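Next up, start.txt (compact mmCIF, C-alpha atoms):
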# COMPACT_ATOMS: atom_id res chain seq x y z
CA MET A 1 71.56 139.03 133.26
CA TYR A 2 74.14 136.53 134.53
CA SER A 3 75.95 134.25 132.12
CA PHE A 4 77.68 131.02 133.13
CA LYS A 5 80.39 129.81 130.78
CA ILE A 6 80.70 126.03 130.89
CA LEU A 7 83.18 123.94 128.90
CA VAL A 8 82.43 120.37 127.78
CA LEU A 9 85.70 118.47 127.56
CA GLY A 10 86.56 114.87 126.77
CA PRO A 11 87.93 112.39 124.24
CA PHE A 12 86.71 111.68 120.71
CA ASN A 13 83.25 110.06 120.60
CA ALA A 14 82.46 110.66 124.29
CA GLY A 15 79.15 112.43 123.49
CA LYS A 16 80.10 116.10 123.95
CA THR A 17 78.24 117.41 120.90
CA THR A 18 75.18 115.35 121.83
CA LEU A 19 75.15 116.75 125.37
CA VAL A 20 75.37 120.34 124.11
CA GLN A 21 72.59 119.77 121.57
CA THR A 22 70.34 117.96 124.06
CA LEU A 23 70.56 120.79 126.58
CA SER A 24 70.44 123.81 124.29
CA GLU A 25 67.61 125.85 122.88
CA ILE A 26 69.98 127.32 120.33
CA SER A 27 73.10 125.45 119.24
CA MET A 28 75.83 125.65 116.66
CA THR A 29 78.34 123.00 115.72
CA THR A 30 81.39 122.70 113.48
CA GLU A 31 81.04 119.02 112.63
CA ARG A 32 82.81 117.75 109.52
CA GLU A 33 83.07 114.40 107.73
CA ILE A 34 85.77 112.12 109.15
CA THR A 35 88.67 111.07 106.89
CA ARG A 36 90.81 108.84 109.10
CA PRO A 37 89.76 105.17 109.01
CA GLU A 38 90.58 104.58 112.68
CA GLU A 39 88.13 107.36 113.62
CA LYS A 40 85.57 106.50 110.95
CA VAL A 41 84.88 103.11 112.54
CA LYS A 42 83.36 104.95 115.51
CA LYS A 43 81.27 107.63 113.73
CA THR A 44 81.03 109.63 110.51
CA LYS A 45 81.37 113.23 111.69
CA THR A 46 83.56 115.04 114.18
CA THR A 47 83.76 118.50 115.75
CA VAL A 48 86.69 120.48 114.37
CA ALA A 49 86.51 123.74 116.32
CA MET A 50 83.72 123.99 118.84
CA ASP A 51 80.11 123.31 119.66
CA PHE A 52 78.10 126.12 121.13
CA GLY A 53 74.77 126.03 122.91
CA LEU A 54 72.65 128.44 124.90
CA VAL A 55 70.55 127.31 127.87
CA ASN A 56 68.09 129.82 129.30
CA LEU A 57 67.63 129.24 133.04
CA GLY A 58 65.06 132.03 133.49
CA ASP A 59 65.19 135.12 135.73
CA GLY A 60 68.03 136.53 133.65
CA TYR A 61 70.38 133.56 134.04
CA VAL A 62 71.82 131.82 130.98
CA VAL A 63 74.40 129.11 130.42
CA ARG A 64 76.76 129.25 127.46
CA LEU A 65 78.02 125.76 126.70
CA PHE A 66 81.22 125.35 124.71
CA GLY A 67 82.11 121.84 123.49
CA THR A 68 85.70 121.10 122.52
CA PRO A 69 86.94 118.80 119.75
CA GLY A 70 88.09 115.46 121.18
CA GLN A 71 91.18 114.57 119.16
CA ARG A 72 94.57 115.61 120.45
CA ARG A 73 95.42 117.43 117.21
CA PHE A 74 92.79 120.00 118.24
CA SER A 75 94.11 120.44 121.78
CA PHE A 76 94.99 124.09 121.07
CA MET A 77 91.23 124.77 121.14
CA TRP A 78 91.05 123.88 124.87
CA ARG A 79 92.99 127.02 125.72
CA VAL A 80 91.01 129.15 123.29
CA LEU A 81 87.64 128.00 124.62
CA SER A 82 88.50 127.77 128.31
CA LYS A 83 89.10 131.48 128.89
CA GLY A 84 86.79 132.70 131.65
CA ILE A 85 85.01 129.40 132.32
CA HIS A 86 83.05 128.97 135.55
CA GLY A 87 83.24 125.17 135.39
CA TYR A 88 83.61 122.20 133.08
CA ILE A 89 82.09 118.82 132.33
CA LEU A 90 84.49 115.95 131.65
CA MET A 91 82.59 113.61 129.30
CA ILE A 92 83.55 109.95 129.13
CA ASP A 93 82.36 107.10 126.94
CA SER A 94 81.76 104.52 129.67
CA THR A 95 81.74 101.66 127.15
CA ASP A 96 85.23 102.30 125.78
CA GLU A 97 88.28 101.59 127.97
CA GLU A 98 90.60 103.27 125.48
CA SER A 99 88.46 106.41 125.67
CA ILE A 100 88.68 106.36 129.47
CA MET A 101 92.48 106.22 129.29
CA GLU A 102 92.46 109.13 126.84
CA ALA A 103 90.13 111.05 129.17
CA ILE A 104 92.66 110.62 131.98
CA ARG A 105 95.43 112.04 129.77
CA ILE A 106 93.28 114.95 128.59
CA HIS A 107 92.19 115.78 132.10
CA GLU A 108 95.70 115.65 133.60
CA SER A 109 96.84 118.12 130.97
CA PHE A 110 93.81 120.42 131.25
CA ARG A 111 93.73 120.42 135.05
CA GLN A 112 97.27 121.80 135.26
CA GLU A 113 95.98 125.19 134.10
CA HIS A 114 92.53 125.03 135.72
CA ARG A 115 93.16 123.70 139.23
CA ASP A 116 90.56 125.92 140.92
CA VAL A 117 87.76 125.42 138.43
CA PRO A 118 84.86 123.18 139.57
CA TYR A 119 84.02 120.18 137.42
CA VAL A 120 81.88 117.08 137.20
CA VAL A 121 82.51 113.81 135.39
CA ALA A 122 79.72 112.60 133.10
CA ALA A 123 79.95 108.82 132.70
CA ASN A 124 78.10 108.76 129.40
CA LYS A 125 76.41 105.97 127.39
CA GLN A 126 75.02 104.24 130.50
CA ASP A 127 72.19 102.92 128.32
CA LEU A 128 74.60 100.83 126.24
CA PRO A 129 75.71 97.29 127.09
CA GLY A 130 79.13 96.98 128.71
CA ALA A 131 79.10 100.47 130.23
CA MET A 132 81.40 100.80 133.25
CA SER A 133 79.66 101.98 136.41
CA ALA A 134 80.16 105.48 137.76
CA LEU A 135 82.03 103.98 140.70
CA ASP A 136 84.46 102.10 138.45
CA ILE A 137 85.05 105.30 136.48
CA ARG A 138 85.65 107.24 139.70
CA LEU A 139 88.28 104.69 140.67
CA ALA A 140 89.87 104.67 137.19
CA LEU A 141 90.10 108.47 137.10
CA ASP A 142 91.04 108.75 140.76
CA VAL A 143 88.88 111.86 141.17
CA PRO A 144 88.53 113.46 144.62
CA ASP A 145 85.44 112.56 146.70
CA GLU A 146 83.94 116.04 146.33
CA VAL A 147 83.82 115.72 142.53
CA PRO A 148 80.53 114.17 141.34
CA VAL A 149 80.77 111.31 138.85
CA ILE A 150 77.32 111.16 137.26
CA PRO A 151 75.87 108.23 135.29
CA THR A 152 74.71 109.91 132.08
CA ILE A 153 72.72 109.33 128.92
CA ALA A 154 73.52 112.41 126.85
CA THR A 155 70.59 111.87 124.48
CA ASN A 156 68.16 112.13 127.41
CA HIS A 157 67.30 115.68 128.46
CA GLN A 158 66.65 114.87 132.11
CA SER A 159 69.95 113.01 132.40
CA ALA A 160 71.87 115.79 130.63
CA TRP A 161 70.20 118.40 132.86
CA THR A 162 71.26 116.49 135.99
CA VAL A 163 74.88 116.84 134.85
CA LEU A 164 74.59 120.54 134.12
CA SER A 165 72.58 121.47 137.23
CA THR A 166 75.01 119.58 139.48
CA LEU A 167 77.89 121.55 138.01
CA LEU A 168 76.02 124.86 138.29
CA GLU A 169 75.49 124.27 142.00
CA LEU A 170 79.24 123.76 142.42
CA CYS A 171 79.93 126.92 140.40
CA ILE A 172 77.48 129.01 142.45
CA THR A 173 79.18 127.88 145.67
CA LYS A 174 82.72 128.22 144.37
CA TRP A 175 82.34 131.65 142.78
CA LYS A 176 79.88 132.95 145.42
CA ILE A 177 77.26 133.81 142.81
CA VAL A 178 74.07 135.28 144.26
CA VAL A 179 70.93 133.70 142.80
CA MET B 1 99.18 106.19 109.01
CA GLU B 2 99.67 108.17 105.76
CA TYR B 3 96.87 110.15 104.20
CA LYS B 4 98.97 111.94 101.58
CA SER B 5 97.81 112.74 98.08
CA PRO B 6 100.79 112.55 95.65
CA GLU B 7 98.85 114.54 93.03
CA LEU B 8 98.08 117.41 95.40
CA GLN B 9 101.62 117.29 96.79
CA ALA B 10 103.01 117.76 93.26
CA HIS B 11 100.43 120.50 92.68
CA ILE B 12 101.45 122.61 95.68
CA GLU B 13 105.17 122.05 95.01
CA GLU B 14 104.52 123.57 91.58
CA VAL B 15 102.74 126.54 93.24
CA VAL B 16 105.70 127.14 95.56
CA LYS B 17 108.07 126.92 92.59
CA VAL B 18 106.26 129.55 90.56
CA SER B 19 105.63 131.81 93.57
CA ARG B 20 109.09 133.40 93.29
CA GLY B 21 109.77 132.76 96.97
CA LEU B 22 106.65 134.53 98.22
CA ILE B 23 105.25 131.48 100.04
CA ASP B 24 106.61 130.26 103.39
CA ALA B 25 104.20 127.37 103.87
CA ILE B 26 101.32 125.79 102.04
CA ILE B 27 99.14 122.93 103.18
CA ILE B 28 96.04 121.13 101.95
CA THR B 29 93.85 119.67 104.65
CA LYS B 30 90.67 117.63 104.80
CA PRO B 31 87.81 119.39 106.64
CA ASP B 32 88.45 117.16 109.69
CA GLY B 33 92.02 118.45 110.03
CA THR B 34 93.86 115.63 108.27
CA PRO B 35 96.78 117.02 106.21
CA ILE B 36 97.06 115.54 102.72
CA ALA B 37 99.77 117.71 101.16
CA ASN B 38 102.31 120.02 102.70
CA VAL B 39 105.27 122.22 101.78
CA ASN B 40 106.64 124.03 104.76
CA SER B 41 109.77 126.09 105.28
CA ILE B 42 108.82 127.17 108.80
CA ASP B 43 108.95 125.02 111.92
CA VAL B 44 105.30 123.99 112.31
CA ASN B 45 103.96 120.45 112.74
CA PRO B 46 101.67 119.87 109.72
CA ASP B 47 99.18 117.92 111.85
CA TYR B 48 98.64 120.91 114.13
CA LEU B 49 98.65 123.39 111.25
CA ALA B 50 96.01 121.32 109.41
CA ALA B 51 93.89 121.03 112.56
CA ALA B 52 94.12 124.79 113.13
CA ILE B 53 93.12 125.51 109.52
CA SER B 54 90.14 123.18 109.71
CA ALA B 55 89.09 124.81 113.00
CA VAL B 56 89.31 128.31 111.51
CA SER B 57 87.47 127.22 108.36
CA GLY B 58 84.86 125.37 110.41
CA VAL B 59 84.12 128.42 112.53
CA ILE B 60 83.88 130.75 109.50
CA SER B 61 81.57 128.33 107.65
CA SER B 62 79.37 127.76 110.71
CA VAL B 63 79.00 131.48 111.40
CA LEU B 64 78.05 132.10 107.76
CA GLU B 65 75.63 129.17 107.92
CA VAL B 66 73.93 130.62 111.02
CA MET B 67 73.53 133.91 109.12
CA ASP B 68 72.29 131.99 106.06
CA MET B 69 74.96 133.56 103.86
CA GLY B 70 76.43 130.48 102.14
CA ASP B 71 80.08 129.42 102.34
CA PHE B 72 83.18 131.60 102.01
CA ARG B 73 85.37 131.78 98.88
CA ARG B 74 88.59 133.02 100.39
CA ALA B 75 89.76 134.26 103.80
CA HIS B 76 92.92 136.16 104.50
CA VAL B 77 94.46 137.40 107.71
CA GLU B 78 97.19 140.02 107.92
CA LEU B 79 99.81 139.05 110.50
CA LYS B 80 101.64 141.61 112.63
CA ASP B 81 104.88 140.99 110.74
CA LYS B 82 103.09 141.80 107.44
CA ARG B 83 102.84 138.19 106.34
CA TYR B 84 99.43 136.90 105.25
CA LEU B 85 97.53 133.70 105.98
CA TYR B 86 95.16 132.68 103.20
CA VAL B 87 92.51 129.96 103.51
CA VAL B 88 90.72 128.79 100.37
CA PRO B 89 88.12 126.01 99.97
CA TYR B 90 89.26 123.69 97.18
CA LYS B 91 87.38 120.64 95.90
CA GLY B 92 85.97 119.80 99.33
CA ASP B 93 89.29 120.39 101.11
CA TYR B 94 91.02 123.54 102.38
CA VAL B 95 94.21 125.12 101.10
CA ALA B 96 96.09 127.34 103.52
CA LEU B 97 99.20 129.31 102.71
CA ILE B 98 101.43 131.64 104.67
CA THR B 99 103.31 134.28 102.69
CA LYS B 100 106.62 135.97 103.30
CA PRO B 101 106.36 139.50 104.82
CA ASN B 102 105.08 142.23 102.48
CA PRO B 103 104.11 139.96 99.60
CA ASN B 104 102.71 141.09 96.26
CA LEU B 105 99.06 140.38 97.11
CA GLY B 106 97.92 140.72 93.52
CA PHE B 107 100.33 137.99 92.50
CA ILE B 108 99.21 135.73 95.38
CA ASP B 109 95.56 136.24 94.37
CA LEU B 110 96.47 135.38 90.78
CA LEU B 111 98.23 132.19 91.90
CA LEU B 112 95.20 131.15 93.94
CA ASP B 113 92.87 131.89 91.01
CA ILE B 114 94.97 129.83 88.63
CA TYR B 115 95.91 126.87 90.83
CA PHE B 116 92.98 126.56 93.22
CA LYS B 117 89.95 127.50 91.21
CA GLU B 118 86.86 125.61 92.41
CA VAL B 119 85.45 123.39 89.67

Show how you would write the structure in this file as structure tokens.
Amino acid sequence: MYSFKILVLGPFNAGKTTLVQTLSEISMTTEREITRPEEKVKKTKTTVAMDFGLVNLGDGYVVRLFGTPGQRRFSFMWRVLSKGIHGYILMIDSTDEESIMEAIRIHESFRQEHRDVPYVVAANKQDLPGAMSALDIRLALDVPDEVPVIPTIATNHQSAWTVLSTLLELCITKWKIVV
Amino acid sequence: MEYKSPELQAHIEEVVKVSRGLIDAIIITKPDGTPIANVNSIDVNPDYLAAAISAVSGVISSVLEVMDMGDFRRAHVELKDKRYLYVVPYKGDYVALITKPNPNLGFIDLLLDIYFKEV
């Protein structure tokens, strides 16, 4: 059995929990009711510790997905959850410029300790009006050419799988995993 | 923006007063990690402490939920320096307190029973 550990990182309301739940056969979440009015205008529940999901790839290969909370007050969980990761997905709400700016700040901080870890950017909510294109998000984040920026609809299994499978290919190459 | 509860603030100040110096810090947090009352004699940012408590509580509750065992009544962790961290669900929120080293645990339990009994 080979187990990939993948982290799903990104700002509040980017769609991390949705991505984990869409992809997973078994999932667990720590969502709680939101108190703060400035957060409540966006949604009613938020992840306070982690999301977890298991994806069975067959032939003894599984993916363990760990979703982080998005607010900065939970940033200590990044370090807890990122131990031993093979790669990570940076989720972005493509319809929210403020969220994109926050994603840049989160990523700059996270990348400092995970420079060698492969990642992809999931430009989520592409089905909603006003979504920035993947190209615009690539330019805003200034990500290197070799990092895929993938237009994503996290509620759609095929779209979510494209994100995960793209990252797994990078992980297999980077860590020389025999499949 | 302030989210404080003056009633709960007065309540935990009373607990610290009657604790005979056994409590180093006590905080009440919403389940989403928003602190609403806080008495703290150690150098910890209440926003981060509240977030950490909600994360710990969230994980415990979720694990128990997966095992279909209901919610927890009280959690305590013994620290290496012999202090204790207690987490107690209280009226939809969480109370967390950190004791001084080598506390009288019976007395702490009694305080929690009296002041933070679930209705």

Need the shell around region 64-80 of chain B: protein/DNA/RNA residues with any atom at most 12 Å away, counting all atoms listed in the file. Skip same-chain ones fewer than 3 positions apart. Format as a PyMOL selection string? (chain A and resi 26-30+52) or (chain B and resi 53+56-61+83-92+94-103+105+108-109+112-113+116-118)

Please tabulate, as a Markdown table, the residues of chain B that come within 8 Å of chain A, each with its closest pair of atoms and the distance in Å to one decimal, counting only C-alpha atoms and ordering rows by chain, then residue number upward.
| residue | atom | partner | partner_atom | distance |
| --- | --- | --- | --- | --- |
| B:Tyr3 | CA | A:Arg36 | CA | 7.9 |
| B:Lys30 | CA | A:Thr35 | CA | 7.2 |
| B:Pro31 | CA | A:Arg32 | CA | 6.0 |
| B:Asp32 | CA | A:Arg32 | CA | 5.7 |
| B:Gly33 | CA | A:Val48 | CA | 7.2 |
| B:Thr34 | CA | A:Thr35 | CA | 7.0 |
| B:Asp47 | CA | A:Arg73 | CA | 6.6 |
| B:Tyr48 | CA | A:Arg73 | CA | 5.7 |
| B:Ala51 | CA | A:Phe74 | CA | 5.9 |
| B:Ala52 | CA | A:Phe74 | CA | 7.1 |
| B:Ser54 | CA | A:Val48 | CA | 6.4 |
| B:Ala55 | CA | A:Ala49 | CA | 4.3 |
| B:Val56 | CA | A:Ala49 | CA | 7.2 |
| B:Gly58 | CA | A:Thr30 | CA | 5.3 |
| B:Val59 | CA | A:Thr30 | CA | 6.4 |
| B:Ser62 | CA | A:Thr30 | CA | 6.1 |
| B:Val66 | CA | A:Met28 | CA | 7.8 |

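CA of Leu135 (chain A) lies 24.2 Å from CA of Thr17 (chain A).
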
What is the CA of Gly15 (chain A)-CA of Ala123 (chain A) distance in Å, reported with one decimal?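 Going from CA of Gly15 (chain A) over to CA of Ala123 (chain A) covers 9.9 Å.
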
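Residues with any atom within 10 Å of Asp59 (chain A), counting all atoms listed in the file and excluding same-chain neighbours fewer than 4 positions away, are Met1, Tyr2 and Val179 of chain A.
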
What is the CA of Trp161 (chain A)-CA of Val149 (chain A) distance in Å, reported with one decimal? 14.1 Å

Could you rebuild region 30-42 of chain B with N, CA and C atoms and give it back as an mmCIF file, in the coordinates of the input?
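Below you can see result-v5.cif, which holds the result:
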data_model
loop_
_atom_site.group_PDB
_atom_site.id
_atom_site.type_symbol
_atom_site.label_atom_id
_atom_site.label_comp_id
_atom_site.auth_asym_id
_atom_site.auth_seq_id
_atom_site.Cartn_x
_atom_site.Cartn_y
_atom_site.Cartn_z
ATOM 1 N N LYS B 30 92.073 118.058 104.818
ATOM 2 C CA LYS B 30 90.670 117.630 104.800
ATOM 3 C C LYS B 30 89.891 118.476 105.819
ATOM 4 N N PRO B 31 88.581 118.577 105.685
ATOM 5 C CA PRO B 31 87.810 119.390 106.640
ATOM 6 C C PRO B 31 87.935 118.908 108.091
ATOM 7 N N ASP B 32 88.306 117.644 108.302
ATOM 8 C CA ASP B 32 88.450 117.160 109.690
ATOM 9 C C ASP B 32 89.862 117.370 110.230
ATOM 10 N N GLY B 33 90.695 118.131 109.520
ATOM 11 C CA GLY B 33 92.020 118.450 110.030
ATOM 12 C C GLY B 33 93.092 117.428 109.707
ATOM 13 N N THR B 34 92.854 116.602 108.702
ATOM 14 C CA THR B 34 93.860 115.630 108.270
ATOM 15 C C THR B 34 94.666 116.230 107.114
ATOM 16 N N PRO B 35 95.995 116.423 107.297
ATOM 17 C CA PRO B 35 96.780 117.020 106.210
ATOM 18 C C PRO B 35 97.001 116.020 105.078
ATOM 19 N N ILE B 36 96.855 116.471 103.835
ATOM 20 C CA ILE B 36 97.060 115.540 102.720
ATOM 21 C C ILE B 36 98.174 115.987 101.784
ATOM 22 N N ALA B 37 98.608 117.241 101.916
ATOM 23 C CA ALA B 37 99.770 117.710 101.160
ATOM 24 C C ALA B 37 100.354 118.897 101.916
ATOM 25 N N ASN B 38 101.682 119.035 101.833
ATOM 26 C CA ASN B 38 102.310 120.020 102.700
ATOM 27 C C ASN B 38 103.697 120.416 102.194
ATOM 28 N N VAL B 39 103.916 121.699 102.029
ATOM 29 C CA VAL B 39 105.270 122.220 101.780
ATOM 30 C C VAL B 39 105.468 123.318 102.815
ATOM 31 N N ASN B 40 106.552 123.205 103.569
ATOM 32 C CA ASN B 40 106.640 124.030 104.760
ATOM 33 C C ASN B 40 108.086 124.397 105.052
ATOM 34 N N SER B 41 108.400 125.692 104.970
ATOM 35 C CA SER B 41 109.770 126.090 105.280
ATOM 36 C C SER B 41 109.871 126.679 106.681
ATOM 37 N N ILE B 42 108.764 126.694 107.417
ATOM 38 C CA ILE B 42 108.820 127.170 108.800
ATOM 39 C C ILE B 42 108.582 125.979 109.734
#
